[in-house]
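The file run-v7.cif contains mmCIF, C-alpha atoms and all ligand atoms:
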data_coords
#
loop_
_atom_site.label_atom_id
_atom_site.label_comp_id
_atom_site.auth_asym_id
_atom_site.auth_seq_id
_atom_site.Cartn_x
_atom_site.Cartn_y
_atom_site.Cartn_z
CA MET Z 1 172.39 116.63 61.40
CA LYS Z 2 168.98 114.98 61.47
CA ILE Z 3 166.05 117.34 61.02
CA VAL Z 4 162.44 116.38 61.68
CA VAL Z 5 159.71 118.27 59.83
CA ILE Z 6 156.20 117.86 61.25
CA SER Z 7 153.35 119.31 59.22
CA GLY Z 8 149.72 119.40 60.32
CA SER Z 9 147.95 120.28 57.08
CA PRO Z 10 145.45 117.80 55.62
CA HIS Z 11 146.24 119.19 52.15
CA ARG Z 12 148.97 117.09 50.54
CA SER Z 13 149.63 119.82 47.99
CA GLY Z 14 148.34 122.82 49.90
CA THR Z 15 149.84 126.07 51.12
CA SER Z 16 151.88 124.58 53.95
CA ALA Z 17 153.16 121.85 51.63
CA VAL Z 18 154.66 124.46 49.30
CA LEU Z 19 156.58 125.92 52.26
CA VAL Z 20 157.56 122.50 53.62
CA ASP Z 21 158.80 121.32 50.20
CA ALA Z 22 160.91 124.47 49.83
CA LEU Z 23 162.39 124.14 53.31
CA ILE Z 24 163.25 120.48 52.75
CA ARG Z 25 164.96 121.34 49.47
CA GLY Z 26 167.14 123.79 51.39
CA VAL Z 27 167.94 121.26 54.11
CA LEU Z 28 168.90 118.55 51.61
CA GLU Z 29 171.06 120.98 49.62
CA SER Z 30 172.96 121.80 52.80
CA GLY Z 31 173.70 118.09 53.25
CA HIS Z 32 171.45 117.22 56.17
CA GLN Z 33 168.96 114.41 56.66
CA VAL Z 34 165.21 115.01 56.83
CA THR Z 35 162.41 112.96 58.33
CA ARG Z 36 159.09 114.35 57.14
CA PHE Z 37 155.97 113.57 59.13
CA ASP Z 38 152.63 114.72 57.70
CA ALA Z 39 150.50 114.25 60.80
CA ALA Z 40 147.17 114.31 58.95
CA PHE Z 41 148.10 111.07 57.18
CA HIS Z 42 149.28 109.17 60.25
CA ARG Z 43 147.44 107.52 63.10
CA ILE Z 44 148.05 109.78 66.09
CA GLN Z 45 145.63 109.58 68.99
CA PRO Z 46 145.25 112.50 71.42
CA CYS Z 47 147.11 112.43 74.73
CA GLN Z 48 144.85 110.76 77.30
CA ALA Z 49 146.56 112.58 80.20
CA CYS Z 50 146.73 109.27 82.07
CA HIS Z 51 150.24 110.26 83.19
CA ALA Z 52 151.38 106.62 82.93
CA CYS Z 53 154.39 107.80 80.89
CA GLN Z 54 155.52 109.95 83.81
CA GLN Z 55 155.68 106.87 86.07
CA ASN Z 56 157.08 104.27 83.68
CA GLY Z 57 160.13 105.95 82.18
CA GLY Z 58 158.46 107.65 79.25
CA VAL Z 59 156.43 104.97 77.49
CA CYS Z 60 153.03 106.09 76.21
CA VAL Z 61 150.25 103.53 76.75
CA GLN Z 62 149.02 104.19 73.20
CA ARG Z 63 150.62 102.31 70.28
CA ASP Z 64 150.39 104.36 67.12
CA ASP Z 65 152.60 106.29 64.69
CA MET Z 66 153.89 108.46 67.53
CA ASP Z 67 156.29 105.63 68.46
CA ALA Z 68 158.36 106.18 65.33
CA LEU Z 69 158.07 109.96 65.53
CA HIS Z 70 159.29 109.98 69.14
CA GLN Z 71 162.39 108.08 68.05
CA SER Z 72 163.04 110.55 65.23
CA LEU Z 73 162.56 113.49 67.58
CA LEU Z 74 165.01 112.07 70.10
CA GLU Z 75 167.65 111.75 67.38
CA ALA Z 76 166.98 115.17 65.81
CA GLY Z 77 169.18 118.21 66.17
CA ALA Z 78 166.45 120.45 64.75
CA VAL Z 79 162.67 120.35 64.51
CA VAL Z 80 160.45 122.19 62.03
CA LEU Z 81 156.75 122.62 62.80
CA ALA Z 82 154.37 123.61 59.99
CA SER Z 83 150.67 124.39 60.13
CA PRO Z 84 147.83 126.21 58.45
CA ILE Z 85 146.07 128.65 60.77
CA TYR Z 86 142.61 127.56 61.85
CA TYR Z 87 140.64 130.11 63.85
CA ASN Z 88 143.78 132.01 64.82
CA ASP Z 89 145.57 128.93 66.07
CA ILE Z 90 147.54 125.99 64.70
CA CYS Z 91 145.50 123.10 63.31
CA GLY Z 92 144.41 120.22 65.52
CA GLN Z 93 146.55 117.66 63.69
CA LEU Z 94 149.76 119.43 64.73
CA LYS Z 95 148.54 120.21 68.25
CA THR Z 96 147.69 116.53 68.78
CA VAL Z 97 151.28 115.58 67.92
CA ILE Z 98 152.75 118.25 70.20
CA ASP Z 99 150.64 117.09 73.14
CA ARG Z 100 152.05 113.60 72.65
CA PHE Z 101 155.58 114.98 73.23
CA TYR Z 102 154.55 114.55 76.88
CA ALA Z 103 155.69 110.91 77.09
CA LYS Z 104 159.26 111.85 76.14
CA GLU Z 105 159.19 115.27 77.76
CA GLN Z 106 162.30 114.80 79.87
CA GLU Z 107 164.39 113.29 77.06
CA LEU Z 108 163.22 115.97 74.63
CA LYS Z 109 164.41 118.72 76.96
CA THR Z 110 167.71 119.04 75.18
CA PRO Z 111 168.97 121.93 73.03
CA LYS Z 112 167.54 121.80 69.53
CA ARG Z 113 167.02 124.36 66.83
CA ALA Z 114 163.37 124.96 65.90
CA ALA Z 115 161.69 126.55 62.91
CA LEU Z 116 158.06 127.42 62.29
CA LEU Z 117 156.12 127.60 59.02
CA LEU Z 118 152.60 129.05 59.16
CA ALA Z 119 150.16 129.50 56.26
CA PHE Z 120 147.00 131.56 56.43
CA GLY Z 121 144.68 133.89 54.58
CA ASP Z 122 144.70 136.95 56.83
CA ASP Z 123 146.41 139.95 55.30
CA SER Z 124 148.94 140.54 58.08
CA SER Z 125 151.32 138.53 60.21
CA ASP Z 126 149.69 140.24 63.21
CA ALA Z 127 147.10 137.45 62.97
CA VAL Z 128 149.61 134.93 64.35
CA LYS Z 129 150.97 136.99 67.26
CA GLY Z 130 149.17 134.69 69.71
CA VAL Z 131 150.47 131.56 67.99
CA LEU Z 132 154.04 132.90 68.11
CA TYR Z 133 153.67 133.75 71.79
CA ASN Z 134 152.47 130.21 72.56
CA PHE Z 135 155.21 128.58 70.46
CA ARG Z 136 157.95 130.59 72.11
CA ALA Z 137 156.64 129.46 75.50
CA MET Z 138 156.33 125.81 74.46
CA LEU Z 139 159.72 125.68 72.75
CA GLY Z 140 161.34 127.48 75.66
CA PHE Z 141 159.97 124.79 77.96
CA PHE Z 142 161.83 122.18 75.92
CA GLY Z 143 164.95 124.36 75.66
CA TRP Z 144 164.64 124.58 71.88
CA THR Z 145 165.71 127.78 70.12
CA LEU Z 146 163.38 129.60 67.74
CA ALA Z 147 165.11 132.53 66.03
CA ASP Z 148 162.90 135.20 64.44
CA THR Z 149 164.65 134.43 61.16
CA ASP Z 150 163.46 130.79 61.40
CA ILE Z 151 159.78 131.80 61.34
CA VAL Z 152 157.89 132.02 58.05
CA ALA Z 153 154.42 133.48 58.57
CA ALA Z 154 152.88 133.26 55.10
CA TYR Z 155 150.01 135.72 55.36
CA GLY Z 156 147.59 136.42 52.53
CA CYS Z 157 147.89 132.79 51.42
CA ASN Z 158 144.67 130.83 51.25
CA SER Z 159 146.00 128.34 48.76
CA ALA Z 160 149.11 126.83 47.20
CA GLU Z 161 148.52 129.07 44.19
CA ASP Z 162 148.56 132.15 46.43
CA VAL Z 163 151.78 131.25 48.23
CA ARG Z 164 153.63 130.41 45.02
CA LYS Z 165 153.19 134.07 43.99
CA THR Z 166 155.02 135.28 47.12
CA ASP Z 167 158.58 135.22 48.47
CA PHE Z 168 157.54 132.93 51.34
CA PRO Z 169 158.68 129.68 49.63
CA GLN Z 170 162.11 131.28 49.08
CA ASP Z 171 162.15 132.34 52.74
CA ALA Z 172 161.35 128.74 53.76
CA TYR Z 173 164.09 127.45 51.45
CA GLU Z 174 166.60 129.77 53.11
CA VAL Z 175 165.50 128.65 56.58
CA GLY Z 176 166.16 125.09 55.40
CA ARG Z 177 169.59 126.03 54.03
CA ARG Z 178 170.52 127.55 57.38
CA MET Z 179 169.01 124.83 59.57
CA GLY Z 180 172.09 122.68 59.81
CA MET Z 181 174.31 125.60 60.81
CA ALA Z 182 174.94 126.35 64.48
C1 LIG P 201 138.74 125.38 59.65
C2 LIG P 201 139.55 126.49 59.04
C3 LIG P 201 139.79 127.63 59.77
C4 LIG P 201 140.57 128.66 59.23
N1 LIG P 201 140.83 129.76 60.01
C5 LIG P 201 141.63 130.74 59.52
C6 LIG P 201 141.97 131.86 60.34
O1 LIG P 201 141.59 131.98 61.49
N2 LIG P 201 142.75 132.84 59.80
C7 LIG P 201 143.22 132.75 58.50
O2 LIG P 201 143.91 133.66 58.08
N3 LIG P 201 142.93 131.68 57.71
C8 LIG P 201 142.15 130.68 58.20
N4 LIG P 201 141.87 129.57 57.42
C9 LIG P 201 142.46 129.48 56.07
C10 LIG P 201 143.72 128.59 56.02
O3 LIG P 201 144.63 128.91 57.05
C11 LIG P 201 144.40 128.74 54.66
O4 LIG P 201 143.51 128.38 53.64
C12 LIG P 201 145.69 127.98 54.53
O5 LIG P 201 146.36 128.42 53.37
C13 LIG P 201 145.47 126.47 54.41
O6 LIG P 201 146.74 125.86 54.36
P1 LIG P 201 146.97 124.34 53.87
O7 LIG P 201 146.58 124.27 52.43
O8 LIG P 201 148.41 124.10 54.11
O9 LIG P 201 146.12 123.45 54.73
C14 LIG P 201 141.07 128.54 57.92
C15 LIG P 201 140.81 127.38 57.18
C16 LIG P 201 140.05 126.37 57.73
C17 LIG P 201 139.79 125.11 56.92
#
Take the structure I supplied and represent it as structure tokens, if you would.
Amino acid sequence: MKIVVISGSPHRSGTSAVLVDALIRGVLESGHQVTRFDAAFHRIQPCQACHACQQNGGVCVQRDDMDALHQSLLEAGAVVLASPIYYNDICGQLKTVIDRFYAKEQELKTPKRAALLLAFGDDSSDAVKGVLYNFRAMLGFFGWTLADTDIVAAYGCNSAEDVRKTDFPQDAYEVGRRMGMA
């Protein structure tokens, strides 16, 4: 199975990256293919809401790195979304990518497994209740499945150093190991 991992963090070696690296290790060990997309280091323009894609068969008017990501998403059986929490929400880099799903919305409405990795400093996972509510709604719209066991909410983690002292990287690894399974 092909698995796409989209991370929003602008820290190449930050908290989210520790989780993403662990998840990818699990995916590769279970024999699946990974396409990793670190949105902060790609050229992704915000959706212009011109709706042209809805009239022309799903082609965005903007030419940027979303072209390649759309192709990977269409081929993927599973999608992992990773983000630091900024002001109780996901970071803008990841949200910008998600909004650009719009062009391929109809084609992306096909069953896929989803997983979510969140990194943040707050001392409880209660801080991401709103984010989880929004993700469940968004993923449900696409018909993608997000099991509770495929969510890693790494609370109390303001840095890569913090998260390495927790079990969250192991949790992410295990999500990766399970990703290819039905
Ligand atoms: C602009 C900004 C806003 C943040 N807002 C929150 C927040 O609302 N709640 C929280 O727990 N941590 C917040 N943080 C802390 C980050 O979520 C935390 O440092 C995280 O580990 C960064 O992950 P990264 O290294 O993968 O980017 C914020 C950080 C920044 C830069």
For this session: For segment 169-182 of chain Z, work out the shell of residues within 6 Å, counting all atoms listed in the file and skipping chain neighbours fewer than 3 positions away, then give it as a list in words.
Result: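 My list of contacting residues is Leu19, Ala22, Leu23, Gly26, Val27, Ser30 and Asp150 of chain Z.
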With only C-alpha atoms as the counted atoms, please give the residues lying no more than 9 Å from Ile44 of chain Z, apart from itself and same-chain residues fewer than 4 positions off, as a short mmCIF file (atom, residue, chain, number, x, y, z; two decimals) with C-alpha atoms, in the frame of the given file.
data_model
loop_
_atom_site.label_atom_id
_atom_site.label_comp_id
_atom_site.auth_asym_id
_atom_site.auth_seq_id
_atom_site.Cartn_x
_atom_site.Cartn_y
_atom_site.Cartn_z
CA ALA Z 39 150.50 114.25 60.80
CA ALA Z 40 147.17 114.31 58.95
CA ARG Z 63 150.62 102.31 70.28
CA ASP Z 64 150.39 104.36 67.12
CA ASP Z 65 152.60 106.29 64.69
CA MET Z 66 153.89 108.46 67.53
CA GLN Z 93 146.55 117.66 63.69
CA THR Z 96 147.69 116.53 68.78
CA VAL Z 97 151.28 115.58 67.92
CA ARG Z 100 152.05 113.60 72.65
#
For this session: Write out as a VMD selection string the residues lying within 9 Å of segment 3-12 of chain Z, counting all atoms listed in the file and excluding same-chain residues fewer than 2 positions away.
Result: chain Z and resid 1 14 to 17 20 24 27 32 to 41 69 72 to 73 75 to 84 90 to 95 97 117 179 to 180
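We find atom CA of Thr149 of chain Z and atom C3 of ligand LIG 201 (chain P) to be spaced 25.8 Å apart.
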Problem set entry | atom C10 of ligand LIG 201 (chain P) to atom CA of Arg43 of chain Z, distance in Å rounded to a single decimal | 22.5 Å
